[in-house]
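So the structure is just underneath, and the comments pick up after that.
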Amino acid sequence: MNGTTTKPSVLFVCVHNAGRSQMAAGFLREIAGDRIEVRSAGSIPADQINPVAVAAMQEVGIDITTEQPKVLTTEAVQASDVVITMGCGDACPFFPGKRYEDWTLDDPAGQGIDAVRPIRDDIRARIEVLVAELTAP
């Protein structure tokens, strides 16, 4: 944590910042509210969010339609307490003192809604654990 706030910050990183990381950010915002700062980025951001990921999230009442894929910056990593990578491999910068987790998740790109739902549900379960860890007294 930095000295000015007790609010932890989480950065989700995948290659295109169009599917997995956007779904994770959506769930974290929904579940944690304003208790955790949320960022997401991609090493090679796509032009738009995966419409199937948007549809899968809408099914559970979370709207990510206004989000845009963002490029991963060193500053975003430095400003985050927890960095969760999702298949970006060596493209993710590493800084000592950060908590890193690599979540092995199938890539929803090019998949139909039936393939994306289990990915979405896996992400939700992981987010619930993460929120419990980060907001524990």
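Each chain in the structure tokens gets a letter, A, B, ..., in the order shown, and its residues are numbered from 1; ligands are numbered from 1 in order too.
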
| said: When you look at Leu134 (chain A) with a cut-off of 12 Å (counting only C-alpha atoms), what residues show up, excluding the ones that are within fewer than 6 positions of it in the same chain? I need them as a PyMOL selection string. | reply: chain A and resi 1+6-10+28+32+35-37+81-82+99+127-128

Write out as JSON, numbers by chain the set of residues from region 2-134 of chain A that DSSP, computed on the backbone, places in helix (DSSP H, G or I). {"A": [20, 21, 22, 23, 24, 25, 26, 27, 28, 29, 30, 31, 32, 33, 34, 35, 51, 52, 53, 54, 55, 56, 57, 58, 59, 74, 75, 76, 77, 78, 89, 90, 91, 113, 114, 115, 116, 117, 118, 119, 120, 121, 122, 123, 124, 125, 126, 127, 128, 129, 130, 131, 132, 133, 134]}

A:Asn17, A:Thr85, A:Gln78, A:Gln22 ranked by distance to Arg120 (chain A), top pick (using only C-alpha atoms):
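Residue with the minimum atom-to-atom distance to Arg120 (chain A): A:Gln22.
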
Report task. May I have the residues within 12 Å of Ala56 (chain A) as an MDAnalysis selection string, using only C-alpha atoms and disregarding those fewer than 6 positions away in the same chain? Result -> chainID A and resid 19:20 22:23 26:27 50 62:65 108 111:121 123:124

Save out the residues we just selected, N, CA, C and O atoms, as a short mmCIF file (atom, residue, chain, number, x, y, z; two decimals), in the first residue's frame.
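Okay, part_21.cif is ready:
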data_model
loop_
_atom_site.label_atom_id
_atom_site.label_comp_id
_atom_site.auth_asym_id
_atom_site.auth_seq_id
_atom_site.Cartn_x
_atom_site.Cartn_y
_atom_site.Cartn_z
N GLY A 19 -11.41 -9.13 -23.08
CA GLY A 19 -12.27 -10.20 -22.60
C GLY A 19 -12.05 -10.49 -21.13
O GLY A 19 -12.72 -9.94 -20.26
N ARG A 20 -11.06 -11.35 -20.85
CA ARG A 20 -10.85 -11.80 -19.47
C ARG A 20 -10.61 -10.65 -18.50
O ARG A 20 -11.25 -10.59 -17.44
N GLN A 22 -11.32 -7.51 -18.77
CA GLN A 22 -12.50 -6.63 -18.65
C GLN A 22 -13.59 -7.29 -17.80
O GLN A 22 -14.24 -6.62 -17.00
N MET A 23 -13.78 -8.60 -17.97
CA MET A 23 -14.77 -9.29 -17.13
C MET A 23 -14.32 -9.25 -15.67
O MET A 23 -15.14 -8.99 -14.77
N GLY A 26 -14.89 -5.84 -14.25
CA GLY A 26 -16.33 -5.64 -14.04
C GLY A 26 -16.81 -6.31 -12.76
O GLY A 26 -17.54 -5.72 -11.96
N PHE A 27 -16.38 -7.55 -12.55
CA PHE A 27 -16.76 -8.26 -11.32
C PHE A 27 -16.17 -7.58 -10.09
O PHE A 27 -16.85 -7.45 -9.06
N ASN A 50 -14.55 -7.54 -26.50
CA ASN A 50 -15.17 -8.71 -27.10
C ASN A 50 -16.68 -8.67 -26.83
O ASN A 50 -17.11 -8.70 -25.69
N ILE A 62 -24.10 -7.23 -15.16
CA ILE A 62 -22.97 -6.30 -15.10
C ILE A 62 -22.73 -5.74 -16.50
O ILE A 62 -22.55 -6.49 -17.45
N ASP A 63 -22.74 -4.41 -16.60
CA ASP A 63 -22.60 -3.73 -17.89
C ASP A 63 -21.16 -3.25 -18.07
O ASP A 63 -20.68 -2.40 -17.31
N ILE A 64 -20.46 -3.82 -19.05
CA ILE A 64 -19.10 -3.37 -19.34
C ILE A 64 -19.03 -2.73 -20.73
O ILE A 64 -17.95 -2.59 -21.30
N THR A 65 -20.19 -2.33 -21.27
CA THR A 65 -20.23 -1.80 -22.63
C THR A 65 -19.47 -0.50 -22.79
O THR A 65 -19.03 -0.17 -23.89
N PRO A 108 -11.41 -15.97 -24.26
CA PRO A 108 -12.75 -15.96 -24.86
C PRO A 108 -12.77 -15.46 -26.31
O PRO A 108 -13.80 -15.57 -26.97
N GLN A 111 -14.68 -17.19 -29.27
CA GLN A 111 -15.52 -18.24 -28.69
C GLN A 111 -16.98 -17.79 -28.68
O GLN A 111 -17.27 -16.60 -28.60
N GLY A 112 -17.87 -18.76 -28.68
CA GLY A 112 -19.30 -18.47 -28.53
C GLY A 112 -19.66 -18.30 -27.07
O GLY A 112 -18.86 -18.59 -26.18
N ILE A 113 -20.87 -17.85 -26.82
CA ILE A 113 -21.33 -17.57 -25.45
C ILE A 113 -21.26 -18.81 -24.57
O ILE A 113 -20.94 -18.72 -23.39
N ASP A 114 -21.53 -20.00 -25.13
CA ASP A 114 -21.50 -21.21 -24.31
C ASP A 114 -20.10 -21.51 -23.79
O ASP A 114 -19.93 -22.10 -22.72
N ALA A 115 -19.07 -21.11 -24.54
CA ALA A 115 -17.68 -21.30 -24.10
C ALA A 115 -17.24 -20.19 -23.15
O ALA A 115 -16.36 -20.40 -22.31
N VAL A 116 -17.85 -19.01 -23.28
CA VAL A 116 -17.43 -17.86 -22.46
C VAL A 116 -18.06 -17.91 -21.06
O VAL A 116 -17.44 -17.49 -20.09
N ARG A 117 -19.26 -18.48 -20.92
CA ARG A 117 -19.91 -18.53 -19.60
C ARG A 117 -19.05 -19.20 -18.52
O ARG A 117 -18.93 -18.64 -17.43
N PRO A 118 -18.45 -20.39 -18.80
CA PRO A 118 -17.62 -20.98 -17.74
C PRO A 118 -16.38 -20.14 -17.41
O PRO A 118 -15.95 -20.12 -16.25
N ILE A 119 -15.82 -19.44 -18.38
CA ILE A 119 -14.69 -18.54 -18.12
C ILE A 119 -15.16 -17.41 -17.19
O ILE A 119 -14.52 -17.09 -16.19
N ARG A 120 -16.31 -16.84 -17.53
CA ARG A 120 -16.89 -15.76 -16.71
C ARG A 120 -17.10 -16.25 -15.28
O ARG A 120 -16.75 -15.56 -14.31
N ASP A 121 -17.67 -17.45 -15.12
CA ASP A 121 -17.98 -17.94 -13.78
C ASP A 121 -16.70 -18.26 -12.99
O ASP A 121 -16.65 -18.05 -11.77
N ILE A 123 -13.88 -16.62 -13.40
CA ILE A 123 -13.36 -15.29 -13.02
C ILE A 123 -14.11 -14.78 -11.79
O ILE A 123 -13.50 -14.29 -10.84
N ARG A 124 -15.44 -14.92 -11.78
CA ARG A 124 -16.21 -14.44 -10.63
C ARG A 124 -15.75 -15.11 -9.35
O ARG A 124 -15.57 -14.45 -8.32
#

In Å, how far is it from CA of Gln68 (chain A) to CA of Gly33 (chain A)?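 A separation of 19.8 Å between them.
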
Let me make sure I understand: among A:Glu67, A:Glu59, A:Asp107, A:Asp122, which one has the smallest atom-to-atom distance to Ala41 (chain A) if we use only C-alpha atoms?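 When distances to Ala41 (chain A) are compared using only C-alpha atoms, the smallest one comes from A:Glu67.
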
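Using only C-alpha atoms for every distance, the candidate list A:Ala136, A:Val71, A:Ala79, A:Val129 yields A:Val71 as the residue closest to Ile44 (chain A).
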
Q. CA of Glu30 (chain A) and CA of Ala18 (chain A), how far apart in Å?
A.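 About the pair CA of Ala18 (chain A) and CA of Glu30 (chain A): they are 18.0 Å apart.
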
*Nearby residues (only C-alpha atoms) at most 8 Å from Ser21 (chain A), same-chain spacing under 4 positions excluded, as number ranges by chain*: A: 12-14, 17, 25, 40-41, 86

Keeping only N, CA, C and O atoms, take the residues you just selected and write them out as an mmCIF file, in the first residue's frame.
data_model
loop_
_atom_site.group_PDB
_atom_site.id
_atom_site.type_symbol
_atom_site.label_atom_id
_atom_site.label_comp_id
_atom_site.auth_asym_id
_atom_site.auth_seq_id
_atom_site.Cartn_x
_atom_site.Cartn_y
_atom_site.Cartn_z
ATOM 1 N N PHE A 12 -5.626 -5.754 -13.731
ATOM 2 C CA PHE A 12 -5.810 -6.974 -14.510
ATOM 3 C C PHE A 12 -5.170 -6.766 -15.873
ATOM 4 O O PHE A 12 -5.435 -5.765 -16.536
ATOM 5 N N VAL A 13 -4.337 -7.725 -16.293
ATOM 6 C CA VAL A 13 -3.629 -7.589 -17.557
ATOM 7 C C VAL A 13 -3.831 -8.841 -18.401
ATOM 8 O O VAL A 13 -3.587 -9.958 -17.934
ATOM 9 N N CYS A 14 -4.295 -8.661 -19.638
ATOM 10 C CA CYS A 14 -4.248 -9.739 -20.622
ATOM 11 C C CYS A 14 -3.754 -9.120 -21.931
ATOM 12 O O CYS A 14 -3.446 -7.935 -21.978
ATOM 13 N N ASN A 17 -6.897 -6.929 -23.558
ATOM 14 C CA ASN A 17 -7.735 -6.134 -22.651
ATOM 15 C C ASN A 17 -9.145 -6.027 -23.210
ATOM 16 O O ASN A 17 -9.774 -4.982 -23.185
ATOM 17 N N ALA A 25 -12.378 -7.037 -14.183
ATOM 18 C CA ALA A 25 -12.541 -5.669 -13.667
ATOM 19 C C ALA A 25 -14.010 -5.379 -13.373
ATOM 20 O O ALA A 25 -14.340 -4.761 -12.366
ATOM 21 N N SER A 40 -7.474 -2.071 -15.593
ATOM 22 C CA SER A 40 -7.202 -3.185 -16.507
ATOM 23 C C SER A 40 -6.476 -2.629 -17.721
ATOM 24 O O SER A 40 -6.610 -1.454 -18.054
ATOM 25 N N ALA A 41 -5.680 -3.505 -18.356
ATOM 26 C CA ALA A 41 -4.893 -3.066 -19.506
ATOM 27 C C ALA A 41 -4.469 -4.290 -20.306
ATOM 28 O O ALA A 41 -4.575 -5.425 -19.837
ATOM 29 N N MET A 86 -3.212 -12.592 -17.139
ATOM 30 C CA MET A 86 -4.057 -13.617 -17.743
ATOM 31 C C MET A 86 -3.510 -13.931 -19.124
ATOM 32 O O MET A 86 -4.020 -13.461 -20.135
#

Given the choices A:Val38, A:Val83, A:Leu11, A:Ala24, which gets closest to Leu105 (chain A) if the distance is worked out from only C-alpha atoms?
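With only C-alpha atoms as the atom set, the closest residue is A:Ala24.
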
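Taking the backbone of this structure through DSSP, the residues of chain A that come out as strand (DSSP E or B) are Ser9, Val10, Leu11, Phe12, Val13, Cys14, Glu37, Val38, Arg39, Ser40, Ala41, Gly42, Val71, Val82, Val83, Ile84, Thr85, Met86, Arg99, Tyr100, Glu101 and Asp102 of chain A.
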
Just C-alpha atoms for this one: save the residues we selected as a PDB file, in the first residue's frame.
ATOM      1  CA  SER A   9      -5.497  -1.358  -6.070  1.00  0.00           C
ATOM      2  CA  VAL A  10      -5.663  -4.233  -8.538  1.00  0.00           C
ATOM      3  CA  LEU A  11      -4.523  -4.273 -12.156  1.00  0.00           C
ATOM      4  CA  PHE A  12      -5.810  -6.974 -14.510  1.00  0.00           C
ATOM      5  CA  VAL A  13      -3.629  -7.589 -17.557  1.00  0.00           C
ATOM      6  CA  CYS A  14      -4.248  -9.739 -20.622  1.00  0.00           C
ATOM      7  CA  GLU A  37      -9.326   0.522  -6.955  1.00  0.00           C
ATOM      8  CA  VAL A  38      -9.659  -1.317 -10.266  1.00  0.00           C
ATOM      9  CA  ARG A  39      -7.517  -1.039 -13.406  1.00  0.00           C
ATOM     10  CA  SER A  40      -7.202  -3.185 -16.507  1.00  0.00           C
ATOM     11  CA  ALA A  41      -4.893  -3.066 -19.506  1.00  0.00           C
ATOM     12  CA  GLY A  42      -3.500  -5.108 -22.368  1.00  0.00           C
ATOM     13  CA  VAL A  71      -2.555  -0.128 -23.304  1.00  0.00           C
ATOM     14  CA  VAL A  82      -1.815  -6.516  -6.956  1.00  0.00           C
ATOM     15  CA  VAL A  83      -1.119  -7.356 -10.610  1.00  0.00           C
ATOM     16  CA  ILE A  84      -3.150 -10.231 -12.035  1.00  0.00           C
ATOM     17  CA  THR A  85      -1.996 -11.488 -15.406  1.00  0.00           C
ATOM     18  CA  MET A  86      -4.057 -13.617 -17.743  1.00  0.00           C
ATOM     19  CA  ARG A  99       1.851  -9.109  -5.473  1.00  0.00           C
ATOM     20  CA  TYR A 100       1.592 -10.996  -8.763  1.00  0.00           C
ATOM     21  CA  GLU A 101      -0.881 -13.709  -9.638  1.00  0.00           C
ATOM     22  CA  ASP A 102      -1.186 -15.447 -12.982  1.00  0.00           C
TER      23      ASP A 102
END

For Trp103 (chain A), the closest of A:Val77, A:Ala46, A:Ala125, A:Met57 counting only C-alpha atoms is A:Ala125

| Interatomic distance, CA of Lys98 (chain A) to CA of Ala132 (chain A) (Å, one decimal) |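 About the pair CA of Lys98 (chain A) and CA of Ala132 (chain A): they are 18.4 Å apart.
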